[in-house]
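Next comes input_2.txt, a file with compact mmCIF, C-alpha atoms.
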# COMPACT_ATOMS: atom_id res chain seq x y z
CA MET A 1 0.00 0.00 0.00
CA ARG A 2 1.26 3.42 -0.96
CA ARG A 3 1.56 5.72 2.01
CA ASP A 4 2.07 9.42 2.29
CA VAL A 5 2.57 12.15 4.81
CA PHE A 6 -1.16 12.68 5.34
CA GLN A 7 -1.67 9.17 6.60
CA ALA A 8 1.06 9.91 9.09
CA ILE A 9 -0.98 12.68 10.68
CA ALA A 10 -4.40 11.09 10.28
CA ASP A 11 -4.20 9.38 13.67
CA PRO A 12 -4.03 11.13 17.06
CA THR A 13 -1.46 8.71 18.53
CA ARG A 14 0.77 9.19 15.50
CA ARG A 15 0.45 12.95 15.83
CA ALA A 16 1.53 12.65 19.46
CA ILE A 17 4.50 10.46 18.49
CA ILE A 18 5.50 13.05 15.89
CA ALA A 19 5.32 15.79 18.51
CA LEU A 20 7.54 13.79 20.87
CA ILE A 21 10.24 12.79 18.43
CA ALA A 22 10.29 16.29 16.97
CA MET A 23 12.09 17.31 20.14
CA GLN A 24 14.54 14.46 20.38
CA ALA A 25 15.22 11.04 18.92
CA MET A 26 13.52 8.32 21.00
CA THR A 27 13.45 4.54 21.28
CA PRO A 28 10.13 2.67 20.95
CA ASN A 29 10.27 1.80 24.66
CA ALA A 30 10.75 5.40 25.70
CA LEU A 31 7.88 6.42 23.43
CA ALA A 32 5.58 3.71 24.77
CA GLU A 33 5.91 5.20 28.27
CA HIS A 34 4.03 8.25 27.05
CA PHE A 35 0.98 6.27 25.95
CA ASP A 36 -1.60 4.02 27.54
CA THR A 37 -1.49 1.76 24.52
CA SER A 38 0.71 -1.31 24.30
CA ARG A 39 4.28 -1.30 23.14
CA GLN A 40 3.03 -3.29 20.11
CA ALA A 41 0.58 -0.55 19.21
CA VAL A 42 3.33 2.05 19.36
CA SER A 43 5.52 -0.16 17.17
CA LYS A 44 2.74 -0.42 14.64
CA HIS A 45 2.39 3.35 14.49
CA LEU A 46 6.16 3.67 14.10
CA ARG A 47 6.04 1.23 11.23
CA ILE A 48 3.36 3.28 9.50
CA LEU A 49 5.29 6.48 10.14
CA THR A 50 8.36 4.84 8.63
CA GLU A 51 6.37 3.78 5.56
CA CYS A 52 5.08 7.35 5.28
CA GLU A 53 8.73 8.42 5.31
CA VAL A 54 8.22 10.98 8.06
CA VAL A 55 10.56 9.26 10.53
CA LYS A 56 14.06 7.92 10.24
CA GLN A 57 15.72 5.24 12.33
CA GLU A 58 19.18 5.21 13.72
CA GLN A 59 20.82 2.25 15.40
CA LYS A 60 22.77 3.17 18.51
CA GLY A 61 24.21 0.13 20.23
CA ARG A 62 21.31 -2.27 20.79
CA GLU A 63 18.66 0.41 20.56
CA ILE A 64 16.89 1.91 17.58
CA TYR A 65 16.19 5.63 17.84
CA TYR A 66 13.43 7.28 15.87
CA SER A 67 13.61 10.90 14.81
CA LEU A 68 11.54 13.18 12.60
CA GLU A 69 12.15 13.74 8.91
CA ILE A 70 11.54 17.48 9.01
CA ALA A 71 11.64 18.03 5.25
CA LYS A 72 8.85 15.52 4.75
CA MET A 73 6.68 17.24 7.32
CA LYS A 74 7.08 20.48 5.43
CA GLU A 75 5.09 18.97 2.57
CA ILE A 76 2.04 19.22 4.78
CA ASP A 77 2.68 22.88 5.47
CA GLU A 78 3.12 23.71 1.82
CA TRP A 79 0.01 21.85 0.81
CA LEU A 80 -2.15 23.41 3.47
CA GLU A 81 -0.69 26.85 2.92
CA GLN A 82 -1.89 26.86 -0.68
CA TYR A 83 -5.33 25.86 0.39
CA ARG A 84 -5.33 28.43 3.16
CA LYS A 85 -4.32 31.26 0.84
CA ILE A 86 -7.22 30.64 -1.48
CA TRP A 87 -9.71 30.70 1.35
CA GLU A 88 -8.08 33.65 3.03
CA SER A 89 -8.26 35.75 -0.10
CA ARG A 90 -11.96 35.04 -0.34
CA PHE A 91 -12.46 35.77 3.32
CA GLU A 92 -10.73 39.12 2.92
CA GLN A 93 -13.35 40.00 0.34
CA LEU A 94 -15.98 38.86 2.77
CA ASP A 95 -14.51 41.07 5.51
CA MET A 96 -14.94 44.09 3.29
CA LEU A 97 -18.43 43.11 2.31
CA LEU A 98 -19.42 42.70 5.96
CA THR A 99 -17.98 46.10 6.85
CA GLU A 100 -20.12 47.59 4.14
CA LEU A 101 -23.23 45.75 5.32
CA LYS A 102 -22.67 46.93 8.87
CA GLN A 103 -22.44 50.54 7.73
CA LYS A 104 -25.68 50.20 5.83
CA GLU A 105 -27.42 48.84 8.90
CA LYS A 106 -26.57 51.90 10.96
CA MET B 1 -9.35 39.35 11.84
CA LYS B 2 -6.86 36.50 12.19
CA PRO B 3 -6.08 34.70 8.95
CA ALA B 4 -7.95 31.53 8.13
CA LYS B 5 -6.82 28.37 9.92
CA VAL B 6 -6.72 25.20 7.90
CA SER B 7 -6.30 21.72 9.31
CA THR B 8 -6.90 18.10 8.32
CA PRO B 9 -8.97 16.41 11.07
CA SER B 10 -8.86 13.12 9.14
CA ASP B 11 -7.70 11.58 5.89
CA GLN B 12 -10.82 12.69 4.07
CA GLU B 13 -11.44 16.06 5.62
CA VAL B 14 -10.25 19.62 5.54
CA LEU B 15 -11.39 22.11 8.16
CA ILE B 16 -11.23 25.85 7.52
CA GLU B 17 -11.83 28.21 10.42
CA ARG B 18 -12.12 31.98 10.27
CA SER B 19 -13.69 34.74 12.39
CA PHE B 20 -15.51 37.77 11.08
CA ASP B 21 -16.08 41.09 12.75
CA ALA B 22 -19.83 41.07 12.20
CA ALA B 23 -23.01 39.71 13.71
CA VAL B 24 -24.12 36.28 12.54
CA ASP B 25 -27.16 37.54 10.62
CA LEU B 26 -24.93 39.59 8.31
CA VAL B 27 -22.48 36.72 7.80
CA TRP B 28 -25.42 34.45 7.06
CA GLN B 29 -26.69 36.90 4.43
CA ALA B 30 -23.27 36.99 2.80
CA TYR B 31 -23.28 33.19 2.65
CA THR B 32 -26.79 32.73 1.34
CA GLU B 33 -27.87 35.70 -0.82
CA PRO B 34 -26.57 35.37 -4.39
CA ALA B 35 -26.00 39.12 -4.89
CA LEU B 36 -23.78 39.17 -1.81
CA MET B 37 -22.18 35.76 -2.42
CA ARG B 38 -20.96 36.98 -5.81
CA ARG B 39 -19.17 39.86 -4.11
CA TRP B 40 -16.73 37.61 -2.31
CA LEU B 41 -16.91 34.21 -4.00
CA ALA B 42 -16.31 35.64 -7.46
CA ALA B 43 -14.01 38.42 -6.50
CA MET B 44 -10.91 37.62 -8.51
CA PRO B 45 -9.37 39.61 -11.33
CA GLY B 46 -10.74 38.69 -14.74
CA TRP B 47 -13.30 36.30 -13.32
CA SER B 48 -17.05 36.64 -13.04
CA MET B 49 -19.73 34.40 -11.62
CA PRO B 50 -22.35 34.09 -14.37
CA VAL B 51 -24.32 31.53 -12.39
CA CYS B 52 -24.92 31.85 -8.67
CA GLU B 53 -28.09 30.02 -7.77
CA MET B 54 -28.55 29.42 -4.08
CA THR B 55 -31.29 28.05 -1.88
CA THR B 56 -31.78 27.55 1.82
CA ASP B 57 -34.50 24.94 1.29
CA VAL B 58 -33.53 21.47 2.43
CA GLY B 59 -33.46 19.20 -0.63
CA GLY B 60 -33.01 22.24 -2.89
CA LYS B 61 -30.20 22.46 -5.42
CA TYR B 62 -27.61 25.16 -5.80
CA ARG B 63 -25.42 25.92 -8.77
CA TRP B 64 -22.33 28.13 -8.91
CA ARG B 65 -20.30 28.74 -12.03
CA TRP B 66 -17.23 30.88 -12.52
CA ARG B 67 -16.01 32.31 -15.80
CA ASP B 68 -12.64 33.61 -16.89
CA ASP B 69 -13.56 35.93 -19.79
CA GLU B 70 -10.04 36.46 -21.01
CA ASN B 71 -9.28 32.76 -21.40
CA ASN B 72 -12.87 31.78 -22.10
CA VAL B 73 -13.03 29.00 -19.53
CA GLU B 74 -15.65 28.08 -16.97
CA PHE B 75 -15.97 25.70 -14.05
CA GLY B 76 -18.40 25.30 -11.23
CA PHE B 77 -19.90 23.49 -8.30
CA THR B 78 -23.36 22.04 -7.84
CA GLY B 79 -25.00 20.27 -4.98
CA GLU B 80 -27.99 19.76 -2.74
CA MET B 81 -28.83 21.33 0.61
CA LEU B 82 -28.99 18.59 3.25
CA GLU B 83 -29.56 20.64 6.38
CA VAL B 84 -30.22 24.30 7.04
CA ALA B 85 -30.53 25.86 10.50
CA LEU B 86 -30.97 29.64 10.30
CA HIS B 87 -27.93 31.58 11.53
CA SER B 88 -26.28 28.41 12.71
CA LYS B 89 -25.59 25.66 10.20
CA ILE B 90 -25.63 24.72 6.54
CA VAL B 91 -24.86 21.23 5.30
CA HIS B 92 -24.71 20.58 1.58
CA THR B 93 -23.25 18.18 -0.94
CA GLN B 94 -20.85 19.42 -3.56
CA ILE B 95 -19.84 18.11 -6.96
CA TYR B 96 -17.15 19.73 -9.06
CA ASP B 97 -18.21 20.61 -12.57
CA PRO B 98 -14.96 20.90 -14.53
CA GLY B 99 -16.53 22.88 -17.39
CA ASP B 100 -13.71 23.89 -19.75
CA MET B 101 -11.29 24.00 -16.91
CA GLY B 102 -10.75 20.27 -16.72
CA GLY B 103 -9.38 18.42 -13.77
CA THR B 104 -11.24 16.27 -11.35
CA MET B 105 -12.21 16.23 -7.73
CA GLY B 106 -13.47 12.68 -7.78
CA ASP B 107 -16.81 11.42 -9.04
CA ASP B 108 -18.54 11.33 -5.70
CA ALA B 109 -19.98 14.31 -3.92
CA SER B 110 -18.21 15.81 -0.97
CA VAL B 111 -20.21 16.98 2.02
CA ILE B 112 -19.66 20.48 3.32
CA THR B 113 -20.74 21.56 6.79
CA VAL B 114 -20.60 25.26 7.56
CA THR B 115 -21.27 26.27 11.15
CA PHE B 116 -21.77 29.83 12.36
CA ASP B 117 -21.20 30.82 15.94
CA GLU B 118 -21.45 34.41 17.18
CA LYS B 119 -19.79 35.65 20.36
CA ASP B 120 -19.76 39.33 21.30
CA GLY B 121 -20.37 40.48 17.76
CA ILE B 122 -17.65 38.24 16.30
CA THR B 123 -18.85 35.37 14.16
CA ASN B 124 -16.73 32.24 13.92
CA VAL B 125 -17.30 30.25 10.77
CA ALA B 126 -16.06 26.67 10.51
CA THR B 127 -16.17 24.98 7.11
CA LEU B 128 -15.65 21.24 7.21
CA ILE B 129 -15.21 19.62 3.80
CA LYS B 130 -15.53 15.86 3.84
CA TYR B 131 -14.41 14.33 0.58
CA ALA B 132 -15.70 10.95 -0.52
CA SER B 133 -12.19 9.56 -0.19
CA LYS B 134 -8.67 10.61 0.61
CA ALA B 135 -7.82 10.42 -3.09
CA ASP B 136 -10.62 12.88 -3.84
CA ARG B 137 -9.35 15.26 -1.21
CA ASP B 138 -5.85 15.23 -2.63
CA ALA B 139 -7.22 15.62 -6.17
CA ALA B 140 -9.34 18.58 -5.11
CA ILE B 141 -6.28 20.35 -3.81
CA SER B 142 -4.12 19.72 -6.82
CA THR B 143 -6.84 20.53 -9.35
CA GLY B 144 -9.21 23.30 -8.60
CA MET B 145 -7.33 24.93 -5.89
CA THR B 146 -3.95 25.44 -7.43
CA ASP B 147 -4.65 26.56 -10.99
CA GLY B 148 -8.37 27.15 -11.01
CA MET B 149 -8.52 29.47 -8.12
CA GLU B 150 -5.02 30.86 -7.91
CA MET B 151 -7.07 33.95 -8.36
CA SER B 152 -7.49 36.27 -5.73
CA TYR B 153 -4.91 37.53 -3.42
CA LYS B 154 -3.57 40.29 -5.61
CA GLN B 155 -7.12 41.44 -5.92
CA LEU B 156 -7.42 43.11 -2.59
CA ASP B 157 -6.35 46.55 -3.81
CA GLU B 158 -8.82 46.51 -6.65
CA VAL B 159 -11.70 45.82 -4.35
CA LEU B 160 -10.52 48.40 -1.87
CA ASN B 161 -10.40 50.98 -4.64
CA ALA B 162 -13.84 50.01 -5.85
CA GLU B 163 -15.20 50.29 -2.34
CA ALA B 164 -13.58 53.71 -1.94
CA ARG B 165 -15.40 54.93 -5.04
CA THR B 166 -18.84 53.85 -3.89

Using structure tokens, write down the structure that the file contains.
Amino acid sequence: MRRDVFQAIADPTRRAIIALIAMQAMTPNALAEHFDTSRQAVSKHLRILTECEVVKQEQKGREIYYSLEIAKMKEIDEWLEQYRKIWESRFEQLDMLLTELKQKEK
Amino acid sequence: MKPAKVSTPSDQEVLIERSFDAAVDLVWQAYTEPALMRRWLAAMPGWSMPVCEMTTDVGGKYRWRWRDDENNVEFGFTGEMLEVALHSKIVHTQIYDPGDMGGTMGDDASVITVTFDEKDGITNVATLIKYASKADRDAAISTGMTDGMEMSYKQLDEVLNAEART
């Protein structure tokens, strides 16, 4: 199955994992401590995140550390920013229209 | 007002939130009366909105069509009103009509829920677009949004000038 960055953020647990590893690289065990779910569940989310290419793994001794692929996350920003601009430009027109309507009411 | 906030609550959805410095009845008018809708939905340089049929009757159909006179292309949206609660909520389906513009936003209708919430004279409007699938959502972004509606942001000055003249 083809995965992309939006599947990465479609789940609340995955969003929380992203927020955690954005600060520092973490092992699956360390991550699991932050959640009520099982270690297996966290591993599954990490697997999906890896397939979405938003995390990278680094072996340090016996442990695997997960960290965030910042560039990949930026794709979300860029995509949403386009969308936001279109709406915002419309809404700016609407602001002006509403100002006019308010003046008429007075 | 703060710029629009856009988020993706799920794979299939996009949520757009924005506040307006006006009472809810005025915002409602701007969202439901064709003469007013045209003023902000069609406000982009070179574009007009030859068709802007709207209804607030549940089960009724609406039809919006934009036209770029210079390049002689049109596209639009159609759909059916599913739920209407005065000054509070509009739910409607939406199907992209590619006209001469081309592109696709999927074959199935998306469902759009617009909620209005006034507090101290400020009206918060939340627009939740639920596409029929994730693929449709991604297609909608890459098609209509990028080229079709690149439109408007340079437009602000023009409108301001026009307003100043009236």

So which one's closest to Gln29 of chain B, B:Val51, B:Arg67, B:His87, B:Gly46? Using only C-alpha atoms, please.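 Among the listed residues, the smallest separation from Gln29 of chain B belongs to B:His87.
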
Residues within 12 Å of Lys74 of chain A, all atoms listed in the file, excluding chain neighbours under 5 positions, as a list in words: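 Surrounding residues, per the criterion: Val5, Phe6, Val54, Leu68, Glu69, Trp79, Leu80 and Glu81 of chain A.
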
Env of Gly76 of chain B: 6 Å cut, atoms = only C-alpha atoms, seq-sep filter 6 positions within chain, self excluded. Answer as a PyMOL selection string. chain B and resi 64-66+97

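Within 9 Å of Tyr65 of chain A, once all atoms listed in the file are used and residues closer than 2 positions along the same chain are dropped, the contacting residues are Ala25, Met26, Thr27, Pro28, Lys56, Gln57, Glu58, Gln59, Lys60, Glu63 and Ser67 of chain A.
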
Per-residue nearest contacts chain A to chain B, cut-off 6 Å, using only C-alpha atoms, as JSON lines:
{"residue": "A:Ala10", "atom": "CA", "partner": "B:Ser10", "partner_atom": "CA", "distance": 5.0}
{"residue": "A:Arg84", "atom": "CA", "partner": "B:Val6", "partner_atom": "CA", "distance": 5.9}
{"residue": "A:Glu88", "atom": "CA", "partner": "B:Ala4", "partner_atom": "CA", "distance": 5.5}
{"residue": "A:Ser89", "atom": "CA", "partner": "B:Tyr153", "partner_atom": "CA", "distance": 5.0}
{"residue": "A:Arg90", "atom": "CA", "partner": "B:Trp40", "partner_atom": "CA", "distance": 5.8}
{"residue": "A:Gln93", "atom": "CA", "partner": "B:Trp40", "partner_atom": "CA", "distance": 4.9}
{"residue": "A:Leu94", "atom": "CA", "partner": "B:Trp40", "partner_atom": "CA", "distance": 5.3}

Identify which of the residues B:Lys119, B:Arg137, B:Lys130, B:Arg38 lies closest to Met54 of chain B, counting all atoms listed in the file when measuring atom-to-atom distances. B:Arg38

Please determine the residues with any atom at most 12 Å from (-0.5, 3.3, 20.5) (coordinates as given in the file, with all atoms listed in the file counting) and report them as JSON, numbers by chain. {"A": [11, 12, 13, 14, 15, 16, 17, 28, 29, 31, 32, 33, 34, 35, 36, 37, 38, 39, 40, 41, 42, 43, 44, 45, 46, 47, 48]}

Export C-alpha atoms of the chosen residues as a PDB file, in the coordinates of the input?
ATOM      1  CA  ASP A  11      -4.200   9.380  13.670  1.00  0.00           C
ATOM      2  CA  PRO A  12      -4.030  11.130  17.060  1.00  0.00           C
ATOM      3  CA  THR A  13      -1.460   8.710  18.530  1.00  0.00           C
ATOM      4  CA  ARG A  14       0.770   9.190  15.500  1.00  0.00           C
ATOM      5  CA  ARG A  15       0.450  12.950  15.830  1.00  0.00           C
ATOM      6  CA  ALA A  16       1.530  12.650  19.460  1.00  0.00           C
ATOM      7  CA  ILE A  17       4.500  10.460  18.490  1.00  0.00           C
ATOM      8  CA  PRO A  28      10.130   2.670  20.950  1.00  0.00           C
ATOM      9  CA  ASN A  29      10.270   1.800  24.660  1.00  0.00           C
ATOM     10  CA  LEU A  31       7.880   6.420  23.430  1.00  0.00           C
ATOM     11  CA  ALA A  32       5.580   3.710  24.770  1.00  0.00           C
ATOM     12  CA  GLU A  33       5.910   5.200  28.270  1.00  0.00           C
ATOM     13  CA  HIS A  34       4.030   8.250  27.050  1.00  0.00           C
ATOM     14  CA  PHE A  35       0.980   6.270  25.950  1.00  0.00           C
ATOM     15  CA  ASP A  36      -1.600   4.020  27.540  1.00  0.00           C
ATOM     16  CA  THR A  37      -1.490   1.760  24.520  1.00  0.00           C
ATOM     17  CA  SER A  38       0.710  -1.310  24.300  1.00  0.00           C
ATOM     18  CA  ARG A  39       4.280  -1.300  23.140  1.00  0.00           C
ATOM     19  CA  GLN A  40       3.030  -3.290  20.110  1.00  0.00           C
ATOM     20  CA  ALA A  41       0.580  -0.550  19.210  1.00  0.00           C
ATOM     21  CA  VAL A  42       3.330   2.050  19.360  1.00  0.00           C
ATOM     22  CA  SER A  43       5.520  -0.160  17.170  1.00  0.00           C
ATOM     23  CA  LYS A  44       2.740  -0.420  14.640  1.00  0.00           C
ATOM     24  CA  HIS A  45       2.390   3.350  14.490  1.00  0.00           C
ATOM     25  CA  LEU A  46       6.160   3.670  14.100  1.00  0.00           C
ATOM     26  CA  ARG A  47       6.040   1.230  11.230  1.00  0.00           C
ATOM     27  CA  ILE A  48       3.360   3.280   9.500  1.00  0.00           C
TER      28      ILE A  48
END

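The gap separating atom CA of Val91 of chain B from atom CA of Trp87 of chain A is 18.3 Å, in Å to one decimal.
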
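Reported to one decimal place, the separation of atom CA of Met81 of chain B from atom CA of Arg63 of chain B is 11.0 Å.
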
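If you measure from each of B:Ala126, B:Ala35, B:Ala109, B:Leu15 to Tyr96 of chain B using all atoms listed in the file, the closest one turns out to be B:Ala109.
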
Atomic distance atom CA of Gly79 of chain B - atom CA of Tyr62 of chain B, expressed in Å with one decimal: 5.6 Å

Just checking: using all atoms listed in the file, which residue out of B:Val73, B:Leu82, B:Val111, B:Leu128 ends up closest to Gly99 of chain B?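 Nearest candidate to Gly99 of chain B out of B:Val73, B:Leu82, B:Val111, B:Leu128: B:Val73.
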